$ cat my_file.txt   # compact mmCIF, C-alpha atoms
# COMPACT_ATOMS: atom_id res chain seq x y z
CA MET A 1 99.07 96.81 96.64
CA HIS A 2 98.72 97.50 100.37
CA GLU A 3 96.63 94.75 101.99
CA ILE A 4 94.14 97.13 103.63
CA VAL A 5 93.59 99.02 100.36
CA ARG A 6 93.07 95.68 98.62
CA ALA A 7 90.53 94.61 101.24
CA TRP A 8 88.64 97.90 100.92
CA VAL A 9 88.57 97.71 97.12
CA ASP A 10 87.36 94.10 97.08
CA GLY A 11 84.51 94.87 99.48
CA TRP A 12 83.58 98.20 97.90
CA VAL A 13 83.03 96.76 94.41
CA VAL A 14 80.60 94.18 95.80
CA SER A 15 78.83 96.74 97.98
CA ARG A 16 78.32 99.12 95.05
CA GLY A 17 77.74 96.56 92.32
CA ALA A 18 80.79 97.81 90.41
CA ALA A 19 82.89 95.86 87.93
CA PRO A 20 85.77 93.65 89.11
CA PRO A 21 88.95 95.70 89.69
CA GLN A 22 91.36 95.81 86.76
CA PRO A 23 94.97 95.47 88.00
CA ARG A 24 97.37 98.27 87.11
CA PRO A 25 101.08 98.69 87.93
CA TRP A 26 100.11 101.38 90.46
CA GLY A 27 96.83 99.93 91.80
CA VAL A 28 93.46 99.18 90.17
CA THR A 29 90.85 100.70 87.88
CA ILE A 30 87.18 100.09 88.70
CA ASP A 31 84.31 100.68 86.26
CA VAL A 32 81.28 102.04 88.10
CA GLY A 33 79.01 103.11 85.25
CA ASP A 34 77.33 106.23 86.67
CA VAL A 35 77.21 109.52 84.78
CA GLN A 36 79.07 111.35 87.53
CA HIS A 37 81.21 108.35 88.43
CA VAL A 38 82.14 106.51 85.26
CA SER A 39 85.18 104.80 86.73
CA ARG A 40 87.80 105.29 89.42
CA HIS A 41 91.54 104.78 89.71
CA VAL A 42 92.65 103.64 93.17
CA LEU A 43 96.34 103.89 93.97
CA GLY A 44 97.59 100.90 95.91
CA ALA A 45 100.10 102.58 98.21
CA ILE A 46 99.43 104.56 101.39
CA GLY A 47 101.11 107.58 103.01
CA GLU A 48 104.63 108.36 101.81
CA GLY A 49 104.37 105.40 99.47
CA VAL A 50 102.06 107.46 97.23
CA GLU A 51 104.59 109.08 94.90
CA GLU A 52 104.24 112.35 93.02
CA ALA A 53 105.40 110.82 89.73
CA VAL A 54 102.75 108.11 89.93
CA VAL A 55 99.93 110.55 90.73
CA ARG A 56 100.96 112.81 87.86
CA LYS A 57 101.14 109.88 85.44
CA VAL A 58 97.75 108.41 86.37
CA ALA A 59 96.01 111.80 86.42
CA GLY A 60 97.68 112.87 83.19
CA GLU A 61 96.22 109.92 81.31
CA VAL A 62 92.64 110.79 82.26
CA THR A 63 90.78 112.61 79.49
CA GLY A 64 87.09 111.94 80.19
CA ALA A 65 84.90 113.75 82.71
CA GLY A 66 83.48 111.66 85.54
CA VAL A 67 86.63 109.68 86.28
CA TRP A 68 87.73 109.65 89.92
CA LEU A 69 91.15 109.25 91.49
CA LYS A 70 91.58 107.84 95.01
CA ALA A 71 94.96 108.31 96.66
CA PHE A 72 95.79 107.51 100.28
CA ARG A 73 97.72 110.68 101.02
CA ASP A 74 96.87 114.18 102.26
CA PRO A 75 94.83 116.34 99.82
CA GLY A 76 97.35 119.15 100.21
CA ASP A 77 100.00 116.95 98.62
CA VAL A 78 97.88 115.25 95.97
CA SER A 79 96.12 118.40 94.74
CA ALA A 80 99.48 119.98 93.90
CA TRP A 81 100.29 117.06 91.59
CA LEU A 82 97.09 117.13 89.54
CA GLY A 83 96.77 119.03 86.29
CA PRO A 84 93.94 121.31 85.10
CA GLY A 85 90.39 120.00 85.12
CA TRP A 86 90.59 118.21 88.46
CA TRP A 87 88.32 118.92 91.44
CA VAL A 88 89.71 117.81 94.79
CA ASP A 89 87.51 117.26 97.82
CA PRO A 90 88.93 119.70 100.41
CA GLU A 91 87.91 117.37 103.23
CA PRO A 92 90.04 114.24 103.49
CA GLY A 93 88.63 110.80 103.99
CA TYR A 94 90.15 108.19 106.26
CA LEU A 95 90.94 104.54 105.68
CA MET A 96 90.13 102.88 109.00
CA THR A 97 90.22 99.41 110.53
CA VAL A 98 89.00 97.66 113.67
CA PRO A 99 89.70 94.17 115.01
CA LEU A 100 86.46 92.22 115.14
CA VAL A 101 85.33 90.56 118.33
CA PRO A 102 81.76 89.63 119.21
CA PRO A 103 80.19 92.72 120.81
CA PRO A 104 78.28 92.29 124.07
CA GLY A 105 74.90 90.71 123.34
CA ALA A 106 73.04 93.51 125.04
CA ALA A 107 74.56 96.07 122.68
CA VAL A 108 73.09 94.51 119.56
CA PRO A 109 69.29 94.11 119.33
CA ASP A 110 67.79 91.00 117.81
CA GLY A 111 66.87 91.14 114.14
CA GLY A 112 63.58 92.93 113.59
CA GLY A 113 63.35 94.09 117.22
CA THR A 114 61.81 97.36 118.28
CA LEU A 115 64.03 100.13 119.66
CA SER A 116 63.17 102.80 122.18
CA ASP A 117 60.85 105.62 121.11
CA GLY A 118 59.21 103.49 118.44
CA TYR A 119 62.26 102.97 116.23
CA ALA A 120 62.51 99.62 114.45
CA VAL A 121 65.52 97.79 113.00
CA ARG A 122 65.63 95.23 110.21
CA ASP A 123 68.41 93.53 108.29
CA TRP A 124 68.77 91.30 105.24
CA THR A 125 71.46 89.83 102.99
CA ARG A 126 71.42 89.81 99.20
CA GLY A 127 74.28 89.16 96.79
CA GLY A 128 76.91 89.05 99.52
CA VAL A 129 75.83 92.40 100.99
CA THR A 130 74.17 92.61 104.41
CA LYS A 131 72.12 95.76 105.05
CA VAL A 132 70.73 97.20 108.26
CA LEU A 133 67.83 99.64 108.20
CA VAL A 134 66.51 101.64 111.17
CA THR A 135 63.15 103.32 110.64
CA ALA A 136 61.60 106.12 112.67
CA PRO A 137 58.19 105.82 114.35
CA ASP A 138 56.53 107.26 111.23
CA GLY A 139 58.26 104.73 108.98
CA SER A 140 60.81 107.11 107.46
CA LEU A 141 64.51 106.31 107.24
CA ALA A 142 66.39 107.03 110.46
CA ALA A 143 69.70 105.24 109.80
CA ARG A 144 71.18 102.65 107.51
CA GLY A 145 74.40 100.87 106.55
CA GLN A 146 75.77 97.81 104.82
CA ILE A 147 78.70 95.41 105.03
CA VAL A 148 80.48 92.94 102.76
CA PRO A 149 82.26 90.09 104.57
CA ASN A 150 85.09 88.70 102.44
CA GLY A 151 87.08 86.04 104.22
CA ALA A 152 88.96 87.56 107.15
CA GLN A 153 87.96 91.10 106.12
CA ALA A 154 84.60 92.87 106.23
CA VAL A 155 84.06 96.20 104.49
CA VAL A 156 81.55 98.60 106.02
CA ASP A 157 79.89 101.01 103.60
CA ARG A 158 77.17 103.66 103.27
CA ILE A 159 76.63 104.37 106.95
CA GLU A 160 74.09 107.19 107.18
CA THR A 161 71.90 108.74 109.86
CA ALA A 162 69.13 111.12 108.78
CA PRO A 163 69.68 114.66 110.19
CA ALA A 164 66.51 114.60 112.28
CA HIS A 165 67.60 111.40 114.03
CA ARG A 166 71.23 112.11 114.87
CA ARG A 167 72.72 112.02 118.38
CA ARG A 168 70.53 109.10 119.36
CA GLY A 169 73.16 106.41 118.97
CA LEU A 170 71.58 105.00 115.82
CA GLY A 171 74.75 105.16 113.72
CA GLY A 172 76.69 103.24 116.33
CA LEU A 173 73.90 100.70 116.58
CA VAL A 174 73.97 100.10 112.83
CA VAL A 175 77.76 99.65 112.80
CA ARG A 176 77.76 97.27 115.77
CA ARG A 177 74.98 95.20 114.24
CA LEU A 178 76.80 94.96 110.91
CA LEU A 179 80.03 93.91 112.60
CA ALA A 180 78.23 91.29 114.66
CA THR A 181 76.94 89.79 111.41
CA ALA A 182 80.45 89.81 109.90
CA VAL A 183 81.87 87.99 112.91
CA THR A 184 79.48 85.09 112.31
CA THR A 185 80.98 84.66 108.81
CA GLY A 186 84.53 84.40 110.16
CA ALA A 187 85.65 87.99 109.48
CA ARG A 188 88.32 89.22 111.89
CA ARG A 189 88.91 92.79 110.74
CA GLY A 190 86.59 95.61 109.72
CA VAL A 191 87.65 98.07 107.01
CA LEU A 192 86.02 101.29 105.81
CA ALA A 193 86.62 104.71 104.28
CA ALA A 194 85.23 107.43 106.57
CA THR A 195 84.30 111.09 106.19
CA PRO A 196 85.58 113.57 108.80
CA ASP A 197 82.22 113.42 110.61
CA GLY A 198 82.15 109.65 110.42
CA ARG A 199 85.68 109.36 111.79
CA ALA A 200 84.54 110.58 115.20
CA LEU A 201 81.81 107.94 115.35
CA TYR A 202 84.14 105.13 114.35
CA GLU A 203 86.93 106.15 116.70
CA ALA A 204 84.41 106.10 119.55
CA LEU A 205 83.67 102.50 118.53
CA GLY A 206 87.34 101.49 118.58
CA TRP A 207 88.36 102.04 114.96
CA ARG A 208 91.75 103.53 114.08
CA VAL A 209 93.00 105.54 111.10
CA GLU A 210 95.40 103.70 108.79
CA ALA A 211 95.75 106.38 106.11
CA VAL A 212 94.33 109.68 104.87
CA LEU A 213 92.28 109.47 101.67
CA THR A 214 92.16 112.08 98.91
CA SER A 215 89.25 111.98 96.46
CA ALA A 216 89.59 113.82 93.16
CA LYS A 217 87.27 113.97 90.16
CA PHE A 218 88.13 114.95 86.60
CA MET A 219 85.66 117.61 85.42
CA GLY A 220 87.10 118.13 81.94
CA VAL A 221 89.23 120.89 80.45
CA GLU A 222 87.78 123.72 78.38
CA ASP A 223 89.37 124.22 74.99
CA GLU A 224 90.36 127.59 73.55
CA ASP A 225 86.87 128.08 72.09
CA GLY A 226 85.25 127.70 75.50
CA GLY A 227 83.95 124.19 74.89
CA GLU A 228 85.09 120.90 76.34

$ encode --input "my_file.txt" --output "structure tokens"
Amino acid sequence: MHEIVRAWVDGWVVSRGAAPPQPRPWGVTIDVGDVQHVSRHVLGAIGEGVEEAVVRKVAGEVTGAGVWLKAFRDPGDVSAWLGPGWWVDPEPGYLMTVPLVPPPGAAVPDGGGTLSDGYAVRDWTRGGVTKVLVTAPDGSLAARGQIVPNGAQAVVDRIETAPAHRRRGLGGLVVRRLLATAVTTGARRGVLAATPDGRALYEALGWRVEAVLTSAKFMGVEDEDGGE
């Protein structure tokens, strides 16, 4: 299994409270336990290493709705290898990394400090997950994110800025603050899976793309009587 994929998987399961990954010849299976996300199969290779025969085999063995497949290759390739019943996200994700160095002190506010325009930031750690929350002047959510340090790696997850509070630098602030926390634990590389919109933010912060990520979900196949 590619080391960056392994690092992402190990951090993601802690961040989401999922079951420990079950090793497979082609990667891992993770039980999540949600109605729309029962489990997921994550292929361990990236790029050209993701083979058509492997994708077809793994997808062909899925029979229950709510099972996801994660493959680090372009959606245009992967979608052609999936059988009926699969929905493929038309927008690719991106597996990204950044070397971790302590950011300038002025760029990261102290815990619990007040930001400009009445924004406030808080952070806390529970169960190996550190979360950062930025609230607006009225107390509503402005931005948030979380990170799971795991040895030399730290997996960033669930970065979100509320629509009304975008373009104020809050997303970047959250990421920098999370990474600063990870550095104190000894982490030396950040890892995350980004959306197309998120990619622009992370690249501006020095992250680089390691692989394209395709997300597919099995929706079920209707039988000849119109049922499932």

$ closest_residue --input "my_file.txt" --among "A:Val55, A:Val28, A:Leu95, A:Val129" --to "Ser79 (chain A)" --atoms "only C-alpha atoms"
A:Val55

$ residues_around --input "my_file.txt" --residues "Pro90 (chain A)" --least-positions-apart "4" --cutoff "9 Å" --atoms "all atoms listed in the file" --output "list in words"
Pro75, Gly76, Thr214 and Ser215 of chain A

$ atom_distance --input "my_file.txt" --atom1 "CA of Thr63 (chain A)" --atom2 "CA of Ala194 (chain A)"
28.1 Å

$ atom_distance --input "my_file.txt" --atom1 "CA of Arg126 (chain A)" --atom2 "CA of Glu160 (chain A)"
19.3 Å

$ residues_around --input "my_file.txt" --residues "Val156 (chain A)" --least-positions-apart "4" --cutoff "9 Å" --atoms "all atoms listed in the file" --output "list in words"
Trp8, Gly11, Trp12, Ser15, Gly145, Gln146, Ile147, Val148, Pro149, Val175, Leu178, Leu179, Gly190, Val191, Leu192 and Ala193 of chain A

$ write_last_selection --input "my_file.txt" --atoms "C-alpha atoms" --output "short mmCIF file (atom, residue, chain, number, x, y, z; two decimals), keeping the file's coordinate frame"
data_model
loop_
_atom_site.label_atom_id
_atom_site.label_comp_id
_atom_site.auth_asym_id
_atom_site.auth_seq_id
_atom_site.Cartn_x
_atom_site.Cartn_y
_atom_site.Cartn_z
CA TRP A 8 88.64 97.90 100.92
CA GLY A 11 84.51 94.87 99.48
CA TRP A 12 83.58 98.20 97.90
CA SER A 15 78.83 96.74 97.98
CA GLY A 145 74.40 100.87 106.55
CA GLN A 146 75.77 97.81 104.82
CA ILE A 147 78.70 95.41 105.03
CA VAL A 148 80.48 92.94 102.76
CA PRO A 149 82.26 90.09 104.57
CA VAL A 175 77.76 99.65 112.80
CA LEU A 178 76.80 94.96 110.91
CA LEU A 179 80.03 93.91 112.60
CA GLY A 190 86.59 95.61 109.72
CA VAL A 191 87.65 98.07 107.01
CA LEU A 192 86.02 101.29 105.81
CA ALA A 193 86.62 104.71 104.28
#

$ closest_residue --input "my_file.txt" --among "A:Ala164, A:Leu115, A:Ala80, A:Leu201" --to "Glu52 (chain A)" --atoms "all atoms listed in the file"
A:Ala80
